[in-house]
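Here is the file entry-v7.csv (CSV, C-alpha atoms).
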chain,number,residue,atom,x,y,z
B,89,MET,CA,-70.3,1.2,131.0
B,90,GLY,CA,-67.5,0.1,133.3
B,91,LEU,CA,-63.9,0.7,132.7
B,92,ILE,CA,-62.2,-2.3,131.0
B,93,LEU,CA,-58.5,-2.8,132.0
B,94,ALA,CA,-56.4,-4.5,129.4
B,95,GLY,CA,-54.5,-7.5,130.7
B,96,PRO,CA,-51.2,-8.9,129.3
B,97,SER,CA,-51.3,-10.0,125.7
B,98,ARG,CA,-51.5,-13.6,125.0
B,99,GLY,CA,-48.1,-15.3,125.2
B,100,SER,CA,-46.4,-12.4,127.0
B,101,ARG,CA,-43.9,-13.2,129.8
B,102,PRO,CA,-42.6,-11.0,132.7
B,103,LEU,CA,-39.2,-9.5,132.1
B,104,THR,CA,-36.3,-11.4,133.7
B,105,PRO,CA,-33.9,-9.2,135.6
B,106,ALA,CA,-30.4,-9.1,134.3
B,107,ALA,CA,-27.8,-11.1,136.2
B,108,PRO,CA,-25.2,-9.0,138.0
B,109,TRP,CA,-22.5,-10.1,135.5
B,110,GLN,CA,-24.7,-9.0,132.6
B,111,VAL,CA,-25.1,-5.6,134.2
B,112,LEU,CA,-21.4,-5.3,134.6
B,113,ASN,CA,-20.8,-6.4,131.0
B,114,ALA,CA,-23.1,-3.7,129.7
B,115,ALA,CA,-21.4,-1.1,131.9
B,116,ILE,CA,-17.7,-1.7,131.2
B,117,ALA,CA,-17.4,-4.3,128.3
B,118,PRO,CA,-14.8,-6.5,130.0
B,119,SER,CA,-12.9,-9.2,128.1
B,120,ALA,CA,-14.0,-11.9,130.4
B,121,ILE,CA,-16.1,-12.5,133.6
B,122,TYR,CA,-15.6,-15.6,135.7
B,123,ASP,CA,-18.7,-15.3,137.8
B,124,GLY,CA,-19.2,-17.7,140.7
B,125,SER,CA,-22.9,-18.1,140.0
B,126,THR,CA,-22.5,-19.4,136.5
B,127,GLY,CA,-20.4,-21.7,134.4
B,128,ILE,CA,-19.2,-24.0,137.1
B,129,THR,CA,-18.6,-27.7,136.4
B,130,GLN,CA,-18.1,-30.1,139.3
B,131,SER,CA,-16.9,-33.7,139.7
B,132,SER,CA,-15.4,-34.2,143.2
B,133,GLY,CA,-14.9,-30.5,143.4
B,134,VAL,CA,-14.6,-27.8,140.7
B,135,THR,CA,-13.2,-29.1,137.4
B,136,ALA,CA,-14.0,-26.1,135.2
B,137,TRP,CA,-15.1,-22.5,135.5
B,138,ALA,CA,-16.3,-21.0,132.2
B,139,ASP,CA,-16.2,-17.3,131.2
B,140,ALA,CA,-19.8,-16.0,131.4
B,141,LEU,CA,-19.2,-14.0,128.2
B,142,GLY,CA,-18.0,-17.0,126.3
B,143,ALA,CA,-15.0,-15.1,125.0
B,144,ALA,CA,-12.1,-16.5,127.1
B,145,PRO,CA,-11.0,-20.1,127.6
B,146,SER,CA,-12.5,-21.9,130.6
B,147,LEU,CA,-10.4,-22.3,133.7
B,148,THR,CA,-9.9,-26.0,134.2
B,149,SER,CA,-8.4,-28.1,137.1
B,150,GLN,CA,-4.7,-28.6,136.6
B,151,GLY,CA,-2.6,-30.8,138.9
B,152,SER,CA,-2.7,-34.0,140.8
B,153,GLY,CA,-4.2,-32.9,144.0
B,154,SER,CA,-7.9,-32.5,145.0
B,155,ASN,CA,-10.1,-30.0,143.2
B,156,PRO,CA,-11.3,-26.7,144.6
B,157,SER,CA,-14.7,-26.7,146.3
B,158,TYR,CA,-17.8,-24.9,145.4
B,159,THR,CA,-20.5,-23.5,147.7
B,160,ALA,CA,-23.1,-20.8,147.2
B,161,GLY,CA,-21.7,-19.0,144.2
B,162,ALA,CA,-18.1,-19.2,145.2
B,163,VAL,CA,-15.0,-21.3,144.5
B,164,THR,CA,-12.7,-22.0,147.4
B,165,VAL,CA,-9.1,-22.9,146.8
B,166,THR,CA,-7.0,-24.1,149.7
B,167,GLN,CA,-3.5,-25.2,150.3
B,168,GLY,CA,-2.4,-28.1,148.2
B,169,GLN,CA,-5.4,-28.2,145.9
B,170,ASN,CA,-5.2,-28.0,142.1
B,171,VAL,CA,-5.1,-24.7,140.4
B,172,LEU,CA,-7.7,-23.5,138.0
B,173,GLU,CA,-6.0,-22.4,134.8
B,174,THR,CA,-6.8,-21.6,131.2
B,175,ALA,CA,-5.4,-24.7,129.5
B,176,THR,CA,-5.6,-22.8,126.2
B,177,ALA,CA,-3.4,-19.8,125.8
B,178,THR,CA,-5.0,-16.5,124.7
B,179,ALA,CA,-4.0,-13.0,123.9
B,180,LEU,CA,-6.8,-11.8,126.2
B,181,PHE,CA,-4.3,-12.1,129.0
B,182,ASP,CA,-1.3,-10.5,127.2
B,183,THR,CA,0.5,-8.1,129.6
B,184,SER,CA,2.3,-6.3,126.8
B,185,VAL,CA,-0.9,-4.2,126.3
B,186,PRO,CA,-2.9,-2.4,129.0
B,187,ILE,CA,-4.9,-4.9,131.1
B,188,SER,CA,-6.6,-5.0,134.5
B,189,LEU,CA,-7.8,-7.8,136.7
B,190,ALA,CA,-10.5,-7.4,139.3
B,191,LEU,CA,-10.7,-10.0,142.0
B,192,ILE,CA,-13.6,-10.4,144.4
B,193,CYS,CA,-12.6,-12.8,147.2
B,194,ALA,CA,-12.3,-13.5,150.9
B,195,VAL,CA,-8.8,-14.6,152.0
B,196,GLY,CA,-7.8,-16.6,155.1
B,197,GLY,CA,-5.8,-19.4,156.5
B,198,VAL,CA,-2.1,-19.1,155.8
B,199,SER,CA,0.5,-16.7,154.5
B,200,GLY,CA,1.3,-16.8,150.8
B,201,THR,CA,1.2,-14.7,147.7
B,202,ASN,CA,0.1,-16.0,144.3
B,203,LEU,CA,-3.7,-16.2,144.3
B,204,CYS,CA,-4.3,-15.0,140.7
B,205,ALA,CA,-1.6,-14.9,138.0
B,206,ILE,CA,-1.2,-14.3,134.3
B,207,SER,CA,1.3,-16.8,132.9
B,208,GLU,CA,3.7,-16.3,130.0
B,209,ALA,CA,4.5,-20.0,129.7
B,210,GLY,CA,1.7,-21.9,131.3
B,211,GLY,CA,2.2,-25.5,132.5
B,212,SER,CA,5.2,-25.8,134.8
B,213,GLY,CA,7.1,-22.9,133.2
B,214,GLY,CA,7.7,-19.4,134.4
B,215,TYR,CA,4.9,-17.0,134.6
B,216,THR,CA,4.2,-13.3,135.1
B,217,ARG,CA,2.3,-12.4,138.2
B,218,ILE,CA,-0.2,-9.6,137.8
B,219,LEU,CA,-2.2,-10.2,141.0
B,220,GLY,CA,-1.4,-11.8,144.3
B,221,VAL,CA,-3.1,-11.5,147.7
B,222,GLN,CA,-1.2,-12.1,150.8
B,223,VAL,CA,-2.5,-12.8,154.3
B,224,GLY,CA,-0.7,-11.1,157.2
B,225,SER,CA,2.0,-8.5,156.9
B,226,GLY,CA,4.0,-7.8,153.8
B,227,ASP,CA,3.5,-7.2,150.2
B,228,TYR,CA,0.2,-8.2,148.6
B,229,ILE,CA,0.6,-7.3,145.0
B,230,SER,CA,3.4,-8.5,142.8
B,231,ILE,CA,4.3,-8.5,139.1
B,232,GLY,CA,7.3,-10.1,137.5
B,233,PRO,CA,9.7,-10.8,136.1
B,234,GLY,CA,11.7,-8.6,138.5
B,235,LEU,CA,8.8,-8.5,141.0
B,236,VAL,CA,7.5,-5.0,141.5
B,237,ASN,CA,5.6,-4.9,144.8
B,238,ALA,CA,3.1,-2.6,146.4
B,239,GLY,CA,3.2,-2.8,150.2
B,240,GLY,CA,0.3,-3.4,152.5
B,241,ALA,CA,-1.6,-6.5,153.4
B,242,VAL,CA,-5.1,-7.8,153.0
B,243,ALA,CA,-5.8,-9.4,156.4
B,244,ALA,CA,-7.3,-12.8,156.8
B,245,GLY,CA,-11.0,-13.0,157.5
B,246,ALA,CA,-14.4,-13.7,156.1
B,247,THR,CA,-14.8,-10.1,154.6
B,248,VAL,CA,-15.4,-10.1,150.8
B,249,ARG,CA,-12.9,-7.8,149.2
B,250,LEU,CA,-12.4,-6.2,145.8
B,251,VAL,CA,-8.8,-5.8,144.6
B,252,ILE,CA,-8.1,-4.3,141.1
B,253,VAL,CA,-4.7,-4.5,139.5
B,254,SER,CA,-3.9,-2.6,136.3
B,255,LEU,CA,-0.8,-2.7,134.1
B,256,GLY,CA,-0.2,-0.2,131.3
B,257,GLY,CA,1.9,2.8,130.3
B,258,GLY,CA,4.8,1.7,132.5
B,259,ASP,CA,2.8,1.7,135.7
B,260,LEU,CA,1.3,-1.0,137.9
B,261,ASN,CA,-1.8,0.4,139.7
B,262,ILE,CA,-3.5,-1.2,142.6
B,263,ASP,CA,-7.0,0.0,143.5
B,264,ILE,CA,-8.7,-1.2,146.7
B,265,PRO,CA,-12.0,0.8,147.2
B,266,ASN,CA,-11.8,3.4,149.9
B,267,GLN,CA,-8.0,3.4,149.9
B,268,ALA,CA,-5.6,5.6,147.9
B,269,ARG,CA,-4.4,4.1,144.6
B,270,ALA,CA,-1.0,2.6,144.9
B,271,SER,CA,1.2,2.9,141.8
B,272,ASN,CA,4.7,1.6,141.0
B,273,PRO,CA,6.7,1.6,137.7
B,274,ALA,CA,6.5,-1.8,136.0
B,275,SER,CA,7.6,-3.3,132.7
B,276,ALA,CA,5.2,-5.4,130.8
B,277,ALA,CA,6.2,-8.9,130.0
B,278,ALA,CA,7.0,-9.8,126.4
B,279,ALA,CA,4.0,-10.2,124.0
B,280,GLY,CA,2.6,-13.7,123.9
B,281,SER,CA,-0.5,-15.7,124.3
B,282,ASN,CA,-0.8,-16.0,128.1
B,283,PHE,CA,-2.6,-18.2,130.6
B,284,LEU,CA,-4.7,-17.2,133.6
B,285,THR,CA,-4.2,-19.1,136.8
B,286,LEU,CA,-6.2,-19.1,140.0
B,287,GLY,CA,-4.8,-20.6,143.2
B,288,GLY,CA,-1.4,-21.8,144.3
B,289,TYR,CA,0.6,-22.5,141.2
B,290,TYR,CA,0.7,-26.3,140.8
B,291,ILE,CA,0.1,-27.3,144.4
B,292,GLU,CA,2.6,-25.0,146.1
B,293,ALA,CA,1.9,-25.5,149.8
B,294,SER,CA,2.8,-21.8,150.7
B,295,GLU,CA,-0.1,-20.4,148.8
B,296,VAL,CA,-3.0,-18.5,150.3
B,297,THR,CA,-6.4,-20.0,150.9
B,298,ALA,CA,-9.2,-18.0,149.3
B,299,THR,CA,-12.9,-18.0,148.4
B,300,LEU,CA,-13.3,-16.5,144.9
B,301,TYR,CA,-16.7,-14.9,144.0
B,302,GLY,CA,-15.6,-13.4,140.7
B,303,VAL,CA,-12.7,-12.5,138.5
B,304,VAL,CA,-13.0,-9.8,135.8
B,305,VAL,CA,-10.5,-9.2,133.0
B,306,ILE,CA,-10.6,-5.7,131.5
B,307,PRO,CA,-8.7,-4.7,128.3
B,308,ARG,CA,-7.4,-1.4,129.7
B,309,VAL,CA,-6.2,0.4,132.8
B,310,VAL,CA,-9.3,1.0,134.9
B,311,VAL,CA,-10.8,4.5,135.4
B,312,ALA,CA,-13.2,5.8,138.0
B,313,GLY,CA,-16.3,4.7,136.1
B,314,ASP,CA,-14.9,1.2,135.9
B,315,ILE,CA,-14.3,1.1,139.6
B,316,THR,CA,-17.8,2.3,140.4
B,317,ALA,CA,-19.3,-0.5,138.2
B,318,LEU,CA,-16.9,-3.1,139.7
B,319,LYS,CA,-17.9,-2.1,143.2
B,320,ALA,CA,-21.6,-2.5,142.3
B,321,TYR,CA,-20.9,-5.9,140.9
B,322,ALA,CA,-18.8,-6.9,143.9
B,323,THR,CA,-21.6,-5.7,146.2
B,324,SER,CA,-24.0,-8.0,144.5
B,325,LEU,CA,-21.6,-10.9,145.3
B,326,GLY,CA,-21.3,-10.1,149.0
B,327,TYR,CA,-18.8,-7.2,149.2
B,328,THR,CA,-19.9,-4.4,151.5
B,329,ALA,CA,-18.7,-1.0,150.3
B,330,ALA,CA,-17.8,1.5,153.1

Transcribe the structure of this file into structure tokens.
Amino acid sequence: MGLILAGPSRGSRPLTPAAPWQVLNAAIAPSAIYDGSTGITQSSGVTAWADALGAAPSLTSQGSGSNPSYTAGAVTVTQGQNVLETATATALFDTSVPISLALICAVGGVSGTNLCAISEAGGSGGYTRILGVQVGSGDYISIGPGLVNAGGAVAAGATVRLVIVSLGGGDLNIDIPNQARASNPASAAAAGSNFLTLGGYYIEASEVTATLYGVVVIPRVVVAGDITALKAYATSLGYTAA
């Protein structure tokens, strides 16, 4: 009698591999993941970018200029374009408690600072910068009010980078993989339901041009394990770890 090999049961389906953002979510439990491969709404450019976890408000186009563009899993914001901002305030972005932002992007084009910010007021009011990326020489990370800066620059180019900024315990920490952590004393902004903004704030011509592959919000100051998981996620989006 020959050997009978059992085939798949009736109605079974092959397992679908988890998306990179799902792997990251399982590893570090972030508050929000804006992943360039999901949640994008377009109409003459990007009009909305939804949190893949469904926990944070969507980033929506704010302003009177043209909308950011979308190509191959990434949102590109250039000079003079609308920002993408959470039109609904949320305590997920409250800088009075420990919080980290991880930005996976390629920068280029012009000098500027505010690429990614957490806003106390939203709209046209003042806001607290928790993350900025500058092209050329000078400071690339800033937090306000009072602007505490960490020197060094992320040079323009097509290289996909991972920059992580954490605020908590009176310190502002900047982690760029394969570089030493930069740390400066910093005071958190007053408690409030804050906004998240991507791009030059309300069409400021001085702002940097950037292609954004992902933005991750983490409800704590990152530790080594978080950075390892973020590097793996960034690598899946095009970042090449040294």

Atom CA of Ala194 of chain B to atom CA of Thr247 of chain B measures 5.6 Å

Review point. Do you know which residues are at most 7 Å from Ile187 of chain B counting all atoms listed in the file, after dropping those on the same chain fewer than 3 positions away, and could you put them as a PyMOL selection string?
Key: chain B and resi 183+254-256+306-309

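The space separating atom CA of Ala115 of chain B from atom CA of Tyr158 of chain B comes to 27.6 Å.
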
Quick one: of B:Val163, B:Val303, B:Ile116, B:Val171, who's nearest to Ser149 of chain B, counting all atoms listed in the file?
->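 Looking at the shortest contact to Ser149 of chain B, the residue is B:Val171.
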
One residue among B:Ala322, B:Ala107, B:Ala268, B:Ala190 is nearest to Val310 of chain B when using all atoms listed in the file, and that residue is B:Ala190

Legend entry - Distance criterion (only C-alpha atoms): nearest to Ile128 of chain B out of B:Ala246, B:Ile252, B:Ile262, B:Leu172: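 Comparing B:Ala246, B:Ile252, B:Ile262, B:Leu172 against Ile128 of chain B, the winner is B:Leu172.
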
Discussion item. Distance cut-off 8 Å, centre (-3.3, -20.8, 124.3) in file coordinates, counting all atoms listed in the file: which residues qualify? Return them as a ChimeraX atom specification.
Written reply: /B:174-179,281-283

Atom pair atom CA of Thr166 of chain B + atom CA of Gly287 of chain B, distance 7.7 Å

Residue with smallest distance to Lys319 of chain B - pool B:Val185, B:Leu250, B:Ala270, B:Ala136, counting only C-alpha atoms: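 Closest to Lys319 of chain B, using only C-alpha atoms: B:Leu250.
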
So that I can see what lies close to Ser119 of chain B, please list as a PyMOL selection string the residues with an atom at most 9 Å from it, counting all atoms listed in the file and leaving out residues fewer than 6 positions away in the same chain. chain B and resi 113+141+143-144+180+304-307

From the list B:Ser125, B:Asn261, B:Ser132, B:Thr148, which residue is nearest Leu286 of chain B when using all atoms listed in the file?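 For Leu286 of chain B, the nearest of the given residues is B:Thr148.
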
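Of the residues listed (B:Leu300, B:Val311, B:Val111, B:Leu318), B:Leu300 shows the shortest atom-to-atom separation from Asp123 of chain B; distances use only C-alpha atoms.
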